[in-house]
Amino acid sequence: MSVTRTTASVACCERSNGVAPESVSINGSPPQPLQQRSQEHARSGNRGSKKYRHAFAVHAKNKTSYLSHDTEVAPSFLGFRNLMGLVLVVSNLRLMIENFRKYGILVTLSGASIRPLDWKWAAFLYFLTPCHLFGAYIIEWLASRAAKDVRAKEKRGEEEEETLTEWKRNAVFLTWRVLAVVHAINATSMLVFATWVVYYRIHNPGICVLTQLHSVVVWLKVCSYALTNRDLRDAMLNKDPAKAELPELYRTCPYPSNITVSNLSYFWWAPTLIYQPVYPKNTERRWGFIFKRVAEFFLLCVVIWITSAQYAVPLLHNSLNDISSLNLVNVLERVLKLSTISLVCWLAGFFALFQSFLNCLAEIMYFADREFYGDWWNSSDVRGYWASWNKPVTNFMKRHVYAPMVGRGVPPTLAQIITFLFSGFLHEILIGVPTHNILGFAFFGMVGQLPLIFATDPFKKWKGQNGRLIGNLIFWFSFCVFGQPIAAMAYFFAWQAKYGQQSRPSWPGAWSDVKS
C-alpha cells in the first residue's frame with residue numbers, strides 16, 4: 001500500500017510541476033504507458049465490458065463497404081486475379097482437350113515445306129541489305145572530309161568570310177539536298193529491291209516476314225544515321241554556341257570522329273533504331289543472363305509454333321466458308337474463339353522479342369539503355385499504348401518524323417496523322433508483302449487508331465479510376481478481342497484464296513470481281 005501511494009504521489013507531483021508522466025503503475029502492476037491505456041480505455045468504452053459479452057457494441061463507428069469508392073483503404077484484388085487466371089487456364093485446357101479429340105496432333109517436326117530457292121534468296125538479301133548501311137557510311141565519310149576542310153580553312157583564316165561562306169554553300173558534300181538525295185537513293189533502292197524479292201521470289205510467309213523485317217530495320221537505321229550526322233555536322237560548322245548545343249554524352253566522341261566503320265558496325269547490331277555517336281554501356285557481359293534469355297526466346301518460339309499449328313490453323317480453315325458466304329454470326333463466333341489464341345501468340349511474341357531477344361542482344365553489345373517497352377498493359381488510352389509498347393519504333397517516329405515536323409511549324413495534330421500514315425505504310429509492307437496480298441488492312445488498321453486515340457484521350461482527365469478503367473477496356477477490346485483476330489483471318493483468307501492447295505475459297509460479294 002505504501003508503494004502504491006508513493007507511485008501515485010510521484011505522479012501527482014509531476015503533474016503539479018507541469019510535467020506529464022510517461023507511465024503509471026496501479027495497484028502494484030508493471031508501469032504502462034498512458035497512451036496505450038487511453039487507447040484501451042477508448043476501445044473498452046466503445047465495446048463495453050468483457051463481463052457483458054452479449055452487450056458489447058459491434059457498430060461503434062462509421063465504416064464504408066470494402067468495394068466502395070469512398071473507402072479509406074484501397075482494396076486488393078489478388079484473389080480475383082488468381083480466380084481469373086484459374087478460369088483462363090481451365091477454359092483453355094478444355095479447348096485443348098476438345099481440339100485434340102477433334103483433330104489429333106497436328107504439330108509435326110517437319111513443318112511446312114520450304115523451297116530451296118526461298119533459302120537462297122533470303123540468305124542473299126541478308127548479306128546484301130547491310131551493304132547499303134555501309135553505303136551510307138561512305139557518303140557520310142565524304143561529307144565529313146569536306147566539313148573538316150571547311151573547319152581547317154576557318155582556323156587558318158586563309159580566306160575572307162564571304163568567300164568562305166560561298167564555298168561552304170557550294171561544297172557538294174555539305175549541301176544537304178544533295179546528301180539527302182544520295183541517301184534516299186541508297187536506302188530506298190535497298191528497300192524496294194528487298195520488297196520486290198520478298199513479294200515475287202520468296203514463297204514461304206515465315207521467311208518472308210523475317211527478310212522483310214530485316215530490310216525495314218536496316219532502312220530505318222540508314223535514315224537515322226543520315227539525319228543524325230546531318231545535325232552533328234551542322235553543329236560543328238555553326239559558330240553560334242547556342243545553336244550548336246549537343247548532349248553531354250556526345251563529347252566523348254565528337255563529330256567527325258564518329259564516322260568510322262567500328263562505330264557504324266556497333267550501331268548495326270545495337271538493339272535500337274536511333275543512331276548516336278555514343279551510347280550508355282555496361283562494363284561487363286553476364287553469360288548466365290544471356291543463356292537465360294536465349295532459352296526463353298526459343299521456348300516462346302516453340303509455344304507460338306505449337307499454338308499456331310495446333311489451334312489457330314484449324315480454326316482459320318473452318319472460317320473460310322463462312323467468310324465466303326458472309327455468314328456474319330459464324331464469323332463473329334470464329335473471331336471471338338480466335339481472340340484467345342491470337343492473344344496468347346501475341347503476348348508470347350512480345351515477350352520473346354522485347355524481353356528475351358533484345359535484352360540478350362543488349363547484353364552481348366554491352367548496351368545499357370534497355371527500356372524497350374513500358375507498362376502498356378496498364379494503358380488508360382490508345383495513345384498511351386502506342387507510346388509505350390514498342391519503344392524503339394516510338395523513339396524513331398518521335399525523333400525523326402514527329403518532332404521535326406512540329407519544329408517546322410506543322411500543327412501537332414496534323415503531325416500525328418502524318419506519323420500514323422507513315423507507320424501504317426510500314427505495317428502494310430511488313431504484313432501485306434510477306435503474305436503476297438496487299439489488302440490495306442494493316443495500313444487502315446493503323447490509320448483507324450487515330451479516332452480511337454482522340455476518343456480515349458478525355459478518359460485520362462476523369463477524376464478517379466473510372467476513366468482509366470474505361471480507356472483500358474477499350475484498348476484491350478479493340479486491339480486484342482477484335483483487331484488482331486480480324487486481321488489474321490483476313491490475311492489467311494487472302495492467302496488461301498491465292499495459294500490454297502486443297503480448296504480455294506471464293507471472295508465474297510464485290511471482292512470476287514476486284515480480285516479476279
# chains A, B, ... in the order shown; residues from 1 in each chain; ligands from 1

$ residues_around --residues "Val261 (chain A)" --least-positions-apart "2" --cutoff "12 Å" --atoms "only C-alpha atoms" --output "number ranges by chain"
A: 133-138, 140-141, 257-259, 263-268

$ select_by_dssp --residues "region 309-494 of chain A" --states "alpha helix (DSSP H)" --output "CSV table (one decimal) with N, CA and C atoms, in the first residue's frame"
chain,number,residue,atom,x,y,z
A,313,VAL,N,-4.6,-22.7,-87.0
A,313,VAL,CA,-4.8,-23.1,-88.4
A,313,VAL,C,-6.1,-23.8,-88.6
A,314,PRO,N,-6.5,-24.8,-87.8
A,314,PRO,CA,-7.8,-25.4,-88.0
A,314,PRO,C,-8.9,-24.5,-87.9
A,315,LEU,N,-8.9,-23.6,-86.9
A,315,LEU,CA,-9.9,-22.6,-86.7
A,315,LEU,C,-10.0,-21.7,-87.9
A,316,LEU,N,-8.9,-21.2,-88.5
A,316,LEU,CA,-8.9,-20.4,-89.6
A,316,LEU,C,-9.4,-21.1,-90.9
A,317,HIS,N,-9.1,-22.4,-91.0
A,317,HIS,CA,-9.6,-23.2,-92.1
A,317,HIS,C,-11.1,-23.3,-92.0
A,318,ASN,N,-11.6,-23.5,-90.8
A,318,ASN,CA,-13.1,-23.7,-90.7
A,318,ASN,C,-13.9,-22.4,-90.9
A,320,LEU,N,-13.2,-20.3,-93.5
A,320,LEU,CA,-13.2,-19.8,-94.9
A,320,LEU,C,-14.5,-19.8,-95.5
A,321,ASN,N,-15.3,-20.9,-95.4
A,321,ASN,CA,-16.6,-20.9,-96.0
A,321,ASN,C,-17.6,-19.8,-95.4
A,322,ASP,N,-17.5,-19.6,-94.1
A,322,ASP,CA,-18.3,-18.6,-93.5
A,322,ASP,C,-18.0,-17.2,-94.1
A,323,ILE,N,-16.7,-16.9,-94.3
A,323,ILE,CA,-16.3,-15.6,-94.9
A,323,ILE,C,-16.8,-15.5,-96.3
A,324,SER,N,-16.6,-16.6,-97.1
A,324,SER,CA,-17.1,-16.6,-98.5
A,324,SER,C,-18.6,-16.3,-98.6
A,328,LEU,N,-22.2,-13.7,-91.1
A,328,LEU,CA,-21.6,-12.8,-90.1
A,328,LEU,C,-21.7,-13.4,-88.7
A,329,VAL,N,-22.7,-14.1,-88.3
A,329,VAL,CA,-22.9,-14.7,-87.0
A,329,VAL,C,-21.7,-15.7,-86.8
A,330,ASN,N,-21.5,-16.6,-87.7
A,330,ASN,CA,-20.5,-17.6,-87.6
A,330,ASN,C,-19.1,-16.9,-87.6
A,331,VAL,N,-18.9,-15.9,-88.4
A,331,VAL,CA,-17.7,-15.2,-88.5
A,331,VAL,C,-17.4,-14.5,-87.1
A,332,LEU,N,-18.4,-13.9,-86.5
A,332,LEU,CA,-18.2,-13.3,-85.2
A,332,LEU,C,-17.8,-14.4,-84.2
A,333,GLU,N,-18.4,-15.5,-84.2
A,333,GLU,CA,-18.1,-16.6,-83.3
A,333,GLU,C,-16.6,-17.1,-83.5
A,334,ARG,N,-16.2,-17.2,-84.8
A,334,ARG,CA,-14.8,-17.6,-85.0
A,334,ARG,C,-13.8,-16.5,-84.6
A,335,VAL,N,-14.2,-15.2,-84.7
A,335,VAL,CA,-13.3,-14.1,-84.3
A,335,VAL,C,-13.2,-14.2,-82.8
A,336,LEU,N,-14.2,-14.4,-82.0
A,336,LEU,CA,-14.1,-14.5,-80.6
A,336,LEU,C,-13.3,-15.7,-80.1
A,337,LYS,N,-13.5,-16.8,-80.8
A,337,LYS,CA,-12.7,-18.0,-80.5
A,337,LYS,C,-11.3,-17.8,-80.8
A,338,LEU,N,-11.0,-17.1,-81.9
A,338,LEU,CA,-9.6,-16.9,-82.3
A,338,LEU,C,-8.9,-15.8,-81.4
A,339,SER,N,-9.7,-15.0,-80.8
A,339,SER,CA,-9.1,-13.9,-80.0
A,339,SER,C,-8.2,-14.4,-78.9
A,340,THR,N,-8.6,-15.5,-78.2
A,340,THR,CA,-7.8,-16.1,-77.1
A,340,THR,C,-6.5,-16.6,-77.7
A,341,ILE,N,-6.5,-17.3,-78.8
A,341,ILE,CA,-5.4,-17.9,-79.4
A,341,ILE,C,-4.4,-16.8,-79.9
A,342,SER,N,-5.0,-15.8,-80.6
A,342,SER,CA,-4.1,-14.7,-81.1
A,342,SER,C,-3.5,-14.0,-80.0
A,343,LEU,N,-4.2,-13.8,-78.9
A,343,LEU,CA,-3.7,-13.1,-77.7
A,343,LEU,C,-2.5,-13.9,-77.1
A,344,VAL,N,-2.6,-15.2,-77.0
A,344,VAL,CA,-1.5,-16.0,-76.5
A,344,VAL,C,-0.3,-15.8,-77.4
A,345,CYS,N,-0.5,-16.0,-78.7
A,345,CYS,CA,0.6,-15.8,-79.6
A,345,CYS,C,1.3,-14.4,-79.6
A,346,TRP,N,0.4,-13.4,-79.5
A,346,TRP,CA,0.9,-12.0,-79.5
A,346,TRP,C,1.7,-11.8,-78.2
A,347,LEU,N,1.2,-12.2,-77.0
A,347,LEU,CA,1.9,-11.9,-75.8
A,347,LEU,C,3.2,-12.7,-75.7
A,348,ALA,N,3.2,-14.0,-76.2
A,348,ALA,CA,4.4,-14.7,-76.3
A,348,ALA,C,5.4,-14.1,-77.2
A,349,GLY,N,4.9,-13.6,-78.4
A,349,GLY,CA,5.8,-12.9,-79.3
A,349,GLY,C,6.4,-11.7,-78.8
A,350,PHE,N,5.6,-10.9,-78.0
A,350,PHE,CA,6.0,-9.7,-77.4
A,350,PHE,C,7.2,-10.0,-76.4
A,358,LEU,N,15.9,-8.8,-77.4
A,358,LEU,CA,16.5,-7.5,-77.3
A,358,LEU,C,17.4,-7.4,-76.1
A,359,ASN,N,17.0,-8.0,-75.0
A,359,ASN,CA,17.9,-8.0,-73.8
A,359,ASN,C,19.1,-8.8,-74.0
A,360,CYS,N,18.9,-9.9,-74.7
A,360,CYS,CA,20.1,-10.8,-75.0
A,360,CYS,C,21.1,-10.0,-75.9
A,361,LEU,N,20.5,-9.4,-76.9
A,361,LEU,CA,21.4,-8.6,-77.8
A,361,LEU,C,22.0,-7.5,-77.1
A,362,ALA,N,21.3,-6.8,-76.2
A,362,ALA,CA,21.9,-5.7,-75.5
A,362,ALA,C,23.0,-6.1,-74.6
A,363,GLU,N,22.8,-7.3,-74.0
A,363,GLU,CA,23.9,-7.8,-73.1
A,363,GLU,C,25.1,-8.2,-73.9
A,364,ILE,N,25.0,-8.7,-75.0
A,364,ILE,CA,26.1,-9.1,-75.9
A,364,ILE,C,26.8,-7.8,-76.3
A,382,VAL,N,-5.6,4.7,-75.9
A,382,VAL,CA,-4.9,4.1,-77.0
A,382,VAL,C,-3.5,4.8,-77.3
A,383,ARG,N,-3.5,6.1,-77.1
A,383,ARG,CA,-2.2,6.8,-77.3
A,383,ARG,C,-1.1,6.3,-76.4
A,384,GLY,N,-1.5,6.1,-75.1
A,384,GLY,CA,-0.5,5.5,-74.2
A,384,GLY,C,0.0,4.2,-74.6
A,385,TYR,N,-0.8,3.4,-75.2
A,385,TYR,CA,-0.3,2.1,-75.7
A,385,TYR,C,0.7,2.2,-76.8
A,386,TRP,N,0.4,3.0,-77.8
A,386,TRP,CA,1.3,3.1,-78.9
A,386,TRP,C,2.6,3.8,-78.5
A,387,ALA,N,2.5,4.6,-77.4
A,387,ALA,CA,3.8,5.3,-77.0
A,387,ALA,C,4.6,4.4,-76.1
A,388,SER,N,4.1,3.3,-75.7
A,388,SER,CA,4.9,2.5,-74.7
A,388,SER,C,5.2,1.1,-75.0
A,391,LYS,N,9.1,0.7,-77.8
A,391,LYS,CA,9.9,2.0,-77.6
A,391,LYS,C,10.9,2.2,-78.7
A,392,PRO,N,11.6,1.2,-79.3
A,392,PRO,CA,12.5,1.5,-80.4
A,392,PRO,C,11.8,2.2,-81.6
A,393,VAL,N,10.6,1.8,-82.0
A,393,VAL,CA,9.9,2.4,-83.1
A,393,VAL,C,9.4,3.7,-82.7
A,394,THR,N,8.8,3.8,-81.4
A,394,THR,CA,8.3,5.1,-80.9
A,394,THR,C,9.4,6.1,-80.9
A,395,ASN,N,10.5,5.8,-80.4
A,395,ASN,CA,11.6,6.8,-80.3
A,395,ASN,C,12.0,7.2,-81.7
A,396,PHE,N,12.0,6.3,-82.7
A,396,PHE,CA,12.4,6.7,-84.1
A,396,PHE,C,11.3,7.7,-84.6
A,397,MET,N,10.0,7.3,-84.5
A,397,MET,CA,9.0,8.2,-85.0
A,397,MET,C,9.0,9.6,-84.4
A,403,ALA,N,8.8,15.1,-84.2
A,403,ALA,CA,9.4,16.3,-83.7
A,403,ALA,C,9.9,17.3,-84.8
A,404,PRO,N,10.6,16.8,-85.9
A,404,PRO,CA,11.0,17.8,-86.9
A,404,PRO,C,9.8,18.5,-87.6
A,405,MET,N,8.7,17.8,-87.7
A,405,MET,CA,7.5,18.5,-88.4
A,405,MET,C,7.0,19.5,-87.4
A,406,VAL,N,6.9,19.2,-86.1
A,406,VAL,CA,6.4,20.2,-85.2
A,406,VAL,C,7.3,21.4,-85.1
A,407,GLY,N,8.6,21.1,-85.1
A,407,GLY,CA,9.6,22.1,-85.1
A,407,GLY,C,9.6,23.1,-86.3
A,412,PRO,N,0.5,20.0,-84.3
A,412,PRO,CA,0.8,18.7,-83.7
A,412,PRO,C,-0.2,17.7,-84.1
A,413,THR,N,-1.5,18.0,-84.2
A,413,THR,CA,-2.5,17.0,-84.7
A,413,THR,C,-2.2,16.5,-86.1
A,414,LEU,N,-1.9,17.4,-87.0
A,414,LEU,CA,-1.5,17.0,-88.4
A,414,LEU,C,-0.2,16.2,-88.4
A,415,ALA,N,0.7,16.6,-87.5
A,415,ALA,CA,2.0,15.8,-87.4
A,415,ALA,C,1.7,14.4,-86.9
A,416,GLN,N,0.7,14.2,-86.0
A,416,GLN,CA,0.4,12.9,-85.5
A,416,GLN,C,-0.3,12.1,-86.6
A,417,ILE,N,-1.1,12.7,-87.4
A,417,ILE,CA,-1.8,12.0,-88.5
A,417,ILE,C,-0.8,11.5,-89.6
A,418,ILE,N,0.2,12.4,-89.9
A,418,ILE,CA,1.2,12.0,-90.9
A,418,ILE,C,2.1,10.9,-90.3
A,419,THR,N,2.4,11.0,-89.0
A,419,THR,CA,3.2,9.9,-88.4
A,419,THR,C,2.5,8.6,-88.4
A,420,PHE,N,1.2,8.5,-88.2
A,420,PHE,CA,0.5,7.3,-88.2
A,420,PHE,C,0.3,6.8,-89.7
A,421,LEU,N,0.2,7.7,-90.6
A,421,LEU,CA,0.2,7.3,-92.0
A,421,LEU,C,1.5,6.6,-92.4
A,422,PHE,N,2.6,7.2,-92.0
A,422,PHE,CA,3.9,6.5,-92.2
A,422,PHE,C,4.0,5.2,-91.5
A,423,SER,N,3.5,5.1,-90.3
A,423,SER,CA,3.6,3.9,-89.6
A,423,SER,C,2.6,2.8,-90.2
A,424,GLY,N,1.5,3.3,-90.7
A,424,GLY,CA,0.6,2.3,-91.4
A,424,GLY,C,1.2,1.8,-92.7
A,425,PHE,N,2.0,2.6,-93.4
A,425,PHE,CA,2.7,2.2,-94.6
A,425,PHE,C,3.7,1.1,-94.2
A,426,LEU,N,4.5,1.3,-93.1
A,426,LEU,CA,5.4,0.3,-92.7
A,426,LEU,C,4.7,-1.0,-92.3
A,427,HIS,N,3.6,-0.9,-91.6
A,427,HIS,CA,2.9,-2.1,-91.2
A,427,HIS,C,2.4,-2.9,-92.4
A,428,GLU,N,1.9,-2.2,-93.4
A,428,GLU,CA,1.4,-2.9,-94.6
A,428,GLU,C,2.5,-3.6,-95.4
A,429,ILE,N,3.7,-3.0,-95.5
A,429,ILE,CA,4.8,-3.7,-96.2
A,429,ILE,C,5.4,-4.8,-95.3
A,430,LEU,N,5.1,-4.8,-94.0
A,430,LEU,CA,5.6,-5.9,-93.1
A,430,LEU,C,4.6,-7.0,-93.0
A,431,ILE,N,3.4,-6.8,-93.4
A,431,ILE,CA,2.3,-7.8,-93.3
A,431,ILE,C,1.8,-8.2,-94.7
A,441,PHE,N,-5.4,-3.8,-95.0
A,441,PHE,CA,-5.9,-4.0,-93.7
A,441,PHE,C,-5.0,-3.4,-92.6
A,442,ALA,N,-3.7,-3.7,-92.8
A,442,ALA,CA,-2.7,-3.3,-91.8
A,442,ALA,C,-2.6,-1.8,-91.9
A,443,PHE,N,-2.6,-1.2,-93.1
A,443,PHE,CA,-2.5,0.3,-93.2
A,443,PHE,C,-3.7,1.0,-92.6
A,444,PHE,N,-4.9,0.5,-93.0
A,444,PHE,CA,-6.1,1.2,-92.4
A,444,PHE,C,-6.3,0.8,-91.0
A,445,GLY,N,-5.8,-0.3,-90.6
A,445,GLY,CA,-5.8,-0.6,-89.1
A,445,GLY,C,-5.1,0.4,-88.3
A,446,MET,N,-3.9,0.8,-88.8
A,446,MET,CA,-3.1,1.8,-88.1
A,446,MET,C,-3.8,3.2,-88.2
A,447,VAL,N,-4.3,3.5,-89.4
A,447,VAL,CA,-5.0,4.8,-89.5
A,447,VAL,C,-6.2,4.9,-88.7
A,449,GLN,N,-6.5,3.8,-85.8
A,449,GLN,CA,-6.2,4.1,-84.4
A,449,GLN,C,-6.4,5.5,-84.1
A,450,LEU,N,-6.3,6.4,-85.1
A,450,LEU,CA,-6.4,7.8,-84.8
A,450,LEU,C,-7.8,8.2,-84.1
A,451,PRO,N,-8.9,7.7,-84.7
A,451,PRO,CA,-10.2,8.0,-84.0
A,451,PRO,C,-10.2,7.5,-82.6
A,452,LEU,N,-9.7,6.3,-82.4
A,452,LEU,CA,-9.6,5.7,-81.0
A,452,LEU,C,-8.8,6.5,-80.1
A,453,ILE,N,-7.7,7.1,-80.6
A,453,ILE,CA,-6.8,7.9,-79.8
A,453,ILE,C,-7.5,9.2,-79.3
A,454,PHE,N,-8.2,9.8,-80.3
A,454,PHE,CA,-8.9,11.1,-79.9
A,454,PHE,C,-10.1,10.8,-79.0
A,455,ALA,N,-10.7,9.6,-79.2
A,455,ALA,CA,-11.9,9.2,-78.4
A,455,ALA,C,-11.5,8.9,-77.0
A,456,THR,N,-10.3,8.3,-76.8
A,456,THR,CA,-9.9,7.8,-75.4
A,456,THR,C,-9.1,8.8,-74.7
A,466,ASN,N,-12.4,5.5,-62.8
A,466,ASN,CA,-13.4,5.1,-63.8
A,466,ASN,C,-12.8,5.4,-65.3
A,467,GLY,N,-12.2,6.6,-65.4
A,467,GLY,CA,-11.7,6.9,-66.7
A,467,GLY,C,-10.6,6.0,-67.2
A,468,ARG,N,-9.7,5.7,-66.3
A,468,ARG,CA,-8.6,4.7,-66.6
A,468,ARG,C,-9.1,3.3,-66.9
A,469,LEU,N,-10.2,2.9,-66.2
A,469,LEU,CA,-10.8,1.6,-66.4
A,469,LEU,C,-11.4,1.5,-67.8
A,470,ILE,N,-12.2,2.5,-68.1
A,470,ILE,CA,-12.9,2.5,-69.4
A,470,ILE,C,-11.9,2.6,-70.6
A,471,GLY,N,-10.9,3.4,-70.4
A,471,GLY,CA,-9.9,3.5,-71.5
A,471,GLY,C,-9.1,2.2,-71.7
A,472,ASN,N,-8.8,1.6,-70.6
A,472,ASN,CA,-8.0,0.3,-70.6
A,472,ASN,C,-8.9,-0.8,-71.3
A,473,LEU,N,-10.2,-0.8,-71.0
A,473,LEU,CA,-11.1,-1.8,-71.5
A,473,LEU,C,-11.2,-1.6,-73.0
A,474,ILE,N,-11.3,-0.3,-73.5
A,474,ILE,CA,-11.5,0.0,-74.9
A,474,ILE,C,-10.2,-0.5,-75.6
A,475,PHE,N,-9.0,-0.2,-75.0
A,475,PHE,CA,-7.8,-0.7,-75.7
A,475,PHE,C,-7.8,-2.2,-75.9
A,476,TRP,N,-8.0,-2.9,-74.8
A,476,TRP,CA,-8.0,-4.4,-74.9
A,476,TRP,C,-9.1,-4.9,-75.9
A,484,GLN,N,-6.8,-7.8,-83.8
A,484,GLN,CA,-5.8,-8.8,-84.3
A,484,GLN,C,-6.5,-10.1,-84.9
A,485,PRO,N,-7.6,-10.6,-84.3
A,485,PRO,CA,-8.2,-11.8,-84.9
A,485,PRO,C,-8.8,-11.5,-86.3
A,486,ILE,N,-9.4,-10.3,-86.5
A,486,ILE,CA,-10.0,-10.0,-87.8
A,486,ILE,C,-8.9,-9.8,-88.8
A,487,ALA,N,-7.7,-9.2,-88.5
A,487,ALA,CA,-6.6,-9.0,-89.4
A,487,ALA,C,-6.0,-10.4,-89.8
A,488,ALA,N,-5.8,-11.2,-88.8
A,488,ALA,CA,-5.3,-12.6,-89.1
A,488,ALA,C,-6.2,-13.4,-90.0
A,489,MET,N,-7.5,-13.3,-89.7
A,489,MET,CA,-8.5,-14.0,-90.5
A,489,MET,C,-8.5,-13.5,-92.0
A,490,ALA,N,-8.4,-12.2,-92.1
A,490,ALA,CA,-8.4,-11.6,-93.4
A,490,ALA,C,-7.2,-12.0,-94.3
A,491,TYR,N,-6.0,-11.9,-93.7
A,491,TYR,CA,-4.8,-12.2,-94.5
A,491,TYR,C,-4.7,-13.8,-94.7
A,492,PHE,N,-5.2,-14.6,-93.8
A,492,PHE,CA,-5.2,-16.0,-94.0
A,492,PHE,C,-6.2,-16.4,-95.1
A,493,PHE,N,-7.4,-15.7,-95.2
A,493,PHE,CA,-8.3,-16.0,-96.2
A,493,PHE,C,-7.7,-15.6,-97.6
A,494,ALA,N,-7.1,-14.4,-97.6
A,494,ALA,CA,-6.5,-14.0,-98.9
A,494,ALA,C,-5.4,-14.9,-99.3

$ atom_distance --atom1 "CA of Pro256 (chain A)" --atom2 "CA of Asp231 (chain A)"
11.6 Å

$ closest_residue --among "A:Phe351, A:His214, A:Ala74, A:Gly432" --to "Gln465 (chain A)" --atoms "only C-alpha atoms"
A:Ala74

$ atom_distance --atom1 "CA of Phe477 (chain A)" --atom2 "CA of Asp375 (chain A)"
17.4 Å

$ atom_distance --atom1 "CA of Phe124 (chain A)" --atom2 "CA of Ile274 (chain A)"
25.8 Å
